[in-house]
Amino acid sequence: MTEDRTAGPLSGVTVLELGVFIAGPYATMQLADMGARVIKIEPPGGDPMRASGPFVDGESSPFIRLNRNKESIVLDLKSEVGRTGLHTLLKEADVLVENMRPGALKKMGFGYEDLRSEHPGLVYASASGWGQDGPLSPLAGLDIMAQARSGLMSITGFPDQPPAKVGVPISDLSTALYVALGIVSALYERRESGTGQYLDVSLFESAVSLAVWEAGGYFGAGAVSGPNGSAHQAQAPYQAIEVGDGFVTIGANTPATWTRFCSAFALADLENHPRYAEPALRFANREALIAVIEDRLRHRTIAEVVEEMNRVGVPAAPINDYEQVFTDDHLQQRNFFWTSRHPRLGEVTQLGNPMRFSRSRMTEGPAGPSLGADTERVLAEFAESADAEAGPETDTTAKEGQT
């Protein structure tokens, strides 16, 4: 059904970002995609992500994607002029997002308790490695440390192999999504209460929260999970299967899909086999089962297996590399990728946002901004707004100092 497209669902919301690297900026990217105005406040040296490659004509390729749809201003919060500038911005802001070391902003006079009385409607979100309190809170915390301490690295990879992390920075990214969800929830609650609140999200707890199967095993049976490669924690067959020209993933992990799976190729004898007839037996005898399946499919290609699985109604997919992903026909036909403008690089391909609203339009604006590109314009705009609200008697010293 086609409906009239409207502005993004967060249109009219103003977000200040004091973020570096991934967790904070990825959270505000979500908000910006949904129509919020995101003002990225950077120190004079810029977000360190700007120095992360690969580079295209001197520009960080990851940065210009992670920070799309944002404005960039430079404020030195160690200076009086910079602090005055931030105070001016806060008068109009709905949300502040930061992922500095706990206590860093408080030392500058911008902790939540420092701001709540003057800005009672402010939603203030902090992302950190370990949370704002507790014995680990003072420590530096990066994605890999959170993956390690959370248990994720203990179940990633294969048995008897060195520890492996998830290929993407899953602790950072899940934290960012929790931050974005928490902010939207706090803004919704503010409509009734009229008051903002503080949100504390950590990489550590975000990573631990993903352990749904592992918690079920431990709290239900005292079992401690270990690495299973691509195999499922409790079901089979549900993993990568080696065939003639590589690997294919197959999920015949329900009674119905198991029956359909066994109707394919030369597998009919497996359905009621005494070692595999029940789900618990298939899991208990997984290694033997996978060996039999791989032996039966060793002369089949990935394309043949995927086609046959699709035909009989069993979930299956090839294991794509990212060149295949970024040229995938399904994604192309759904217009997942889009292009944004960068002042130096021209057209830049962006990853799409997986949220698709029937009416609200997702923002497809400019690529990540040049450092400080919007400083003068944004500070002048907010200072003028503050003067207008205060009336003609407003002291203009702060405004002059900022510009």
# chains A, B, ... in the order shown; residues from 1 in each chain; ligands from 1

call {"tool": "residues_around", "arguments": {"residues": "stretch 33-42 of chain A", "least_positions_apart": "4", "cutoff": "9 Å", "atoms": "only C-alpha atoms", "output": "ChimeraX atom specification"}}
result
/A:7-20,25,28-29,46-47,67-76,86,353,360-365,371-372,374-375,378

call {"tool": "residues_around", "arguments": {"residues": "stretch 174-180 of chain A", "least_positions_apart": "5", "cutoff": "6 Å", "atoms": "only C-alpha atoms", "output": "PyMOL selection string"}}
result
chain A and resi 23+26-27+203+206

call {"tool": "write_last_selection", "arguments": {"atoms": "all heavy atoms", "output": "tab-separated table (two decimals), in the first residue's frame"}}
result
chain	number	residue	atom	x	y	z
A	23	ALA	N	30.11	3.95	19.16
A	23	ALA	CA	28.88	3.80	19.95
A	23	ALA	C	28.01	5.05	19.93
A	23	ALA	O	26.82	5.00	19.59
A	23	ALA	CB	29.21	3.39	21.38
A	26	TYR	N	27.08	6.11	16.14
A	26	TYR	CA	26.14	5.20	15.48
A	26	TYR	C	24.73	5.38	16.05
A	26	TYR	O	23.75	5.29	15.32
A	26	TYR	CB	26.61	3.76	15.64
A	26	TYR	CG	25.89	2.77	14.74
A	26	TYR	CD1	26.17	2.71	13.37
A	26	TYR	CD2	24.94	1.89	15.25
A	26	TYR	CE1	25.51	1.81	12.54
A	26	TYR	CE2	24.30	0.97	14.43
A	26	TYR	CZ	24.58	0.94	13.07
A	26	TYR	OH	23.93	0.05	12.25
A	27	ALA	N	24.65	5.66	17.35
A	27	ALA	CA	23.34	5.93	17.95
A	27	ALA	C	22.71	7.17	17.35
A	27	ALA	O	21.54	7.18	16.97
A	27	ALA	CB	23.47	6.08	19.47
A	203	LEU	N	28.74	-0.93	27.06
A	203	LEU	CA	29.11	-1.97	26.11
A	203	LEU	C	29.03	-3.34	26.76
A	203	LEU	O	28.57	-4.31	26.15
A	203	LEU	CB	30.53	-1.73	25.58
A	203	LEU	CG	30.73	-0.81	24.39
A	203	LEU	CD1	30.35	0.63	24.74
A	203	LEU	CD2	32.17	-0.85	23.89
A	206	SER	N	25.40	-4.42	27.36
A	206	SER	CA	24.76	-4.63	26.05
A	206	SER	C	25.17	-5.97	25.48
A	206	SER	O	24.35	-6.73	24.95
A	206	SER	CB	25.12	-3.51	25.09
A	206	SER	OG	24.62	-2.27	25.54

call {"tool": "residues_around", "arguments": {"residues": "stretch 310-325 of chain A", "least_positions_apart": "3", "cutoff": "6 Å", "atoms": "only C-alpha atoms", "output": "list in words"}}
result
Val248, Thr249, Ile250, Gly251, Thr257, Arg260, Val306, Glu307 and Asp328 of chain A

call {"tool": "write_last_selection", "arguments": {"atoms": "C-alpha atoms", "output": "short mmCIF file (atom, residue, chain, number, x, y, z; two decimals), in the first residue's frame"}}
result
data_model
loop_
_atom_site.label_atom_id
_atom_site.label_comp_id
_atom_site.auth_asym_id
_atom_site.auth_seq_id
_atom_site.Cartn_x
_atom_site.Cartn_y
_atom_site.Cartn_z
CA VAL A 248 26.18 -23.18 2.41
CA THR A 249 24.08 -22.47 5.50
CA ILE A 250 21.07 -24.67 6.16
CA GLY A 251 18.47 -24.45 8.93
CA THR A 257 11.81 -28.26 7.94
CA ARG A 260 11.29 -31.12 3.93
CA VAL A 306 20.31 -23.32 -2.18
CA GLU A 307 17.92 -23.76 -5.10
CA ASP A 328 23.32 -8.09 -4.11
#

call {"tool": "closest_residue", "arguments": {"among": "A:Phe21, A:Tyr238, A:Tyr112, A:Phe63", "to": "A:Met100", "atoms": "only C-alpha atoms"}}
result
A:Phe21

call {"tool": "residues_around", "arguments": {"residues": "A:Asn285", "least_positions_apart": "3", "cutoff": "8 Å", "atoms": "only C-alpha atoms", "output": "JSON, numbers by chain"}}
result
{"A": [275, 276, 281, 282, 288, 289]}

call {"tool": "residues_around", "arguments": {"residues": "A:Tyr198", "least_positions_apart": "2", "cutoff": "7 Å", "atoms": "only C-alpha atoms", "output": "JSON, numbers by chain"}}
result
{"A": [112, 123, 124, 125, 200]}

call {"tool": "closest_residue", "arguments": {"among": "A:Ala367, A:Cys262, A:Ala236, A:Val97", "to": "A:Ser340", "atoms": "only C-alpha atoms"}}
result
A:Ala367

call {"tool": "residues_around", "arguments": {"residues": "A:Ser60", "least_positions_apart": "6", "cutoff": "10 Å", "atoms": "only C-alpha atoms", "output": "count of residues only"}}
result
7

call {"tool": "atom_distance", "arguments": {"atom1": "atom CA of A:Ser154", "atom2": "atom CA of A:Gly226"}}
result
6.0 Å

call {"tool": "select_by_dssp", "arguments": {"residues": "stretch 127-258 of chain A", "states": "strand (DSSP E)", "output": "VMD selection string"}}
result
chain A and resid 127 to 128 198 to 202 238 to 243 246 to 251

call {"tool": "write_last_selection", "arguments": {"atoms": "all heavy atoms", "output": "short mmCIF file (atom, residue, chain, number, x, y, z; two decimals), in the first residue's frame"}}
result
data_model
loop_
_atom_site.label_atom_id
_atom_site.label_comp_id
_atom_site.auth_asym_id
_atom_site.auth_seq_id
_atom_site.Cartn_x
_atom_site.Cartn_y
_atom_site.Cartn_z
N ALA A 127 26.97 6.55 26.85
CA ALA A 127 27.44 5.21 26.51
C ALA A 127 28.88 5.08 27.00
O ALA A 127 29.68 5.99 26.81
CB ALA A 127 27.36 4.98 25.00
N SER A 128 29.19 3.96 27.64
CA SER A 128 30.54 3.77 28.16
C SER A 128 30.87 2.29 28.13
O SER A 128 30.02 1.44 27.86
CB SER A 128 30.64 4.30 29.59
OG SER A 128 29.78 3.58 30.45
N TYR A 198 17.96 10.66 32.55
CA TYR A 198 19.32 10.22 32.24
C TYR A 198 19.29 8.75 31.83
O TYR A 198 18.57 7.93 32.40
CB TYR A 198 20.21 10.39 33.48
CG TYR A 198 21.66 10.03 33.23
CD1 TYR A 198 22.45 10.79 32.37
CD2 TYR A 198 22.24 8.93 33.85
CE1 TYR A 198 23.77 10.46 32.14
CE2 TYR A 198 23.56 8.59 33.63
CZ TYR A 198 24.33 9.37 32.77
OH TYR A 198 25.64 9.04 32.54
N LEU A 199 20.09 8.42 30.81
CA LEU A 199 20.17 7.06 30.28
C LEU A 199 21.63 6.61 30.32
O LEU A 199 22.50 7.27 29.75
CB LEU A 199 19.65 7.04 28.84
CG LEU A 199 19.73 5.73 28.07
CD1 LEU A 199 18.85 4.66 28.72
CD2 LEU A 199 19.31 5.94 26.61
N ASP A 200 21.88 5.49 30.97
CA ASP A 200 23.23 4.93 31.14
C ASP A 200 23.26 3.56 30.46
O ASP A 200 22.57 2.64 30.88
CB ASP A 200 23.50 4.80 32.65
CG ASP A 200 24.76 4.01 33.00
OD1 ASP A 200 25.56 3.71 32.10
OD2 ASP A 200 24.92 3.69 34.20
N VAL A 201 24.03 3.44 29.38
CA VAL A 201 24.14 2.19 28.64
C VAL A 201 25.61 1.82 28.50
O VAL A 201 26.43 2.67 28.13
CB VAL A 201 23.51 2.30 27.23
CG1 VAL A 201 23.53 0.94 26.53
CG2 VAL A 201 22.08 2.83 27.30
N SER A 202 25.95 0.57 28.78
CA SER A 202 27.35 0.15 28.70
C SER A 202 27.55 -0.91 27.63
O SER A 202 26.64 -1.70 27.33
CB SER A 202 27.83 -0.40 30.04
OG SER A 202 27.28 -1.68 30.30
N TYR A 238 21.71 -26.92 11.77
CA TYR A 238 21.56 -25.47 11.69
C TYR A 238 22.96 -24.89 11.70
O TYR A 238 23.49 -24.52 12.74
CB TYR A 238 20.76 -24.98 12.90
CG TYR A 238 20.40 -23.50 12.90
CD1 TYR A 238 19.12 -23.08 12.62
CD2 TYR A 238 21.36 -22.54 13.19
CE1 TYR A 238 18.77 -21.73 12.64
CE2 TYR A 238 21.04 -21.19 13.21
CZ TYR A 238 19.75 -20.79 12.94
OH TYR A 238 19.42 -19.45 12.96
N GLN A 239 23.62 -24.88 10.53
CA GLN A 239 25.00 -24.44 10.47
C GLN A 239 25.47 -24.39 9.03
O GLN A 239 24.70 -24.62 8.10
CB GLN A 239 25.89 -25.41 11.26
CG GLN A 239 25.96 -26.83 10.69
CD GLN A 239 26.80 -27.72 11.58
OE1 GLN A 239 26.29 -28.25 12.56
NE2 GLN A 239 28.08 -27.88 11.23
N ALA A 240 26.73 -24.07 8.85
CA ALA A 240 27.34 -24.11 7.53
C ALA A 240 27.68 -25.56 7.17
O ALA A 240 28.24 -26.30 7.98
CB ALA A 240 28.60 -23.26 7.50
N ILE A 241 27.32 -25.95 5.97
CA ILE A 241 27.54 -27.31 5.47
C ILE A 241 28.48 -27.23 4.28
O ILE A 241 28.29 -26.41 3.37
CB ILE A 241 26.21 -27.95 5.01
CG1 ILE A 241 25.19 -27.97 6.16
CG2 ILE A 241 26.44 -29.32 4.44
CD1 ILE A 241 25.53 -28.91 7.28
N GLU A 242 29.51 -28.07 4.26
CA GLU A 242 30.43 -28.06 3.14
C GLU A 242 29.86 -28.86 1.98
O GLU A 242 29.43 -30.01 2.15
CB GLU A 242 31.79 -28.63 3.54
CG GLU A 242 32.83 -28.49 2.43
CD GLU A 242 34.23 -28.87 2.86
OE1 GLU A 242 34.38 -29.47 3.95
OE2 GLU A 242 35.19 -28.55 2.13
N VAL A 243 29.84 -28.23 0.79
CA VAL A 243 29.39 -28.91 -0.42
C VAL A 243 30.54 -28.86 -1.43
O VAL A 243 31.68 -28.56 -1.07
CB VAL A 243 28.10 -28.25 -0.97
CG1 VAL A 243 26.97 -28.42 0.03
CG2 VAL A 243 28.32 -26.77 -1.29
N GLY A 246 32.24 -25.17 -1.84
CA GLY A 246 32.31 -24.23 -0.72
C GLY A 246 31.34 -24.60 0.39
O GLY A 246 31.08 -25.79 0.63
N PHE A 247 30.80 -23.59 1.04
CA PHE A 247 29.91 -23.82 2.17
C PHE A 247 28.57 -23.14 1.93
O PHE A 247 28.49 -22.08 1.30
CB PHE A 247 30.53 -23.26 3.47
CG PHE A 247 31.68 -24.08 3.98
CD1 PHE A 247 32.97 -23.87 3.49
CD2 PHE A 247 31.47 -25.07 4.94
CE1 PHE A 247 34.03 -24.62 3.96
CE2 PHE A 247 32.54 -25.82 5.41
CZ PHE A 247 33.82 -25.61 4.93
N VAL A 248 27.52 -23.74 2.47
CA VAL A 248 26.18 -23.18 2.41
C VAL A 248 25.55 -23.34 3.79
O VAL A 248 25.82 -24.33 4.49
CB VAL A 248 25.34 -23.89 1.33
CG1 VAL A 248 25.22 -25.37 1.62
CG2 VAL A 248 23.96 -23.26 1.20
N THR A 249 24.76 -22.36 4.20
CA THR A 249 24.08 -22.47 5.50
C THR A 249 22.70 -23.07 5.32
O THR A 249 21.96 -22.71 4.39
CB THR A 249 23.96 -21.09 6.18
OG1 THR A 249 23.26 -20.20 5.31
CG2 THR A 249 25.33 -20.53 6.50
N ILE A 250 22.36 -23.98 6.22
CA ILE A 250 21.07 -24.67 6.16
C ILE A 250 20.47 -24.68 7.56
O ILE A 250 21.18 -24.94 8.55
CB ILE A 250 21.23 -26.12 5.65
CG1 ILE A 250 21.70 -26.11 4.19
CG2 ILE A 250 19.93 -26.91 5.79
CD1 ILE A 250 22.01 -27.49 3.62
N GLY A 251 19.17 -24.41 7.65
CA GLY A 251 18.47 -24.45 8.93
C GLY A 251 17.27 -25.36 8.88
O GLY A 251 16.15 -24.90 8.67
#

call {"tool": "atom_distance", "arguments": {"atom1": "atom CA of A:Gly229", "atom2": "atom CA of A:Phe204"}}
result
22.7 Å

call {"tool": "atom_distance", "arguments": {"atom1": "atom CA of A:Ala93", "atom2": "atom CA of A:Leu122"}}
result
7.0 Å

call {"tool": "closest_residue", "arguments": {"among": "A:Gly151, A:Ala264, A:Val224, A:Gly194", "to": "A:Val208", "atoms": "only C-alpha atoms"}}
result
A:Gly151

call {"tool": "closest_residue", "arguments": {"among": "A:Glu92, A:Glu98, A:Asp133, A:Asp172", "to": "A:Glu118", "atoms": "only C-alpha atoms"}}
result
A:Glu92
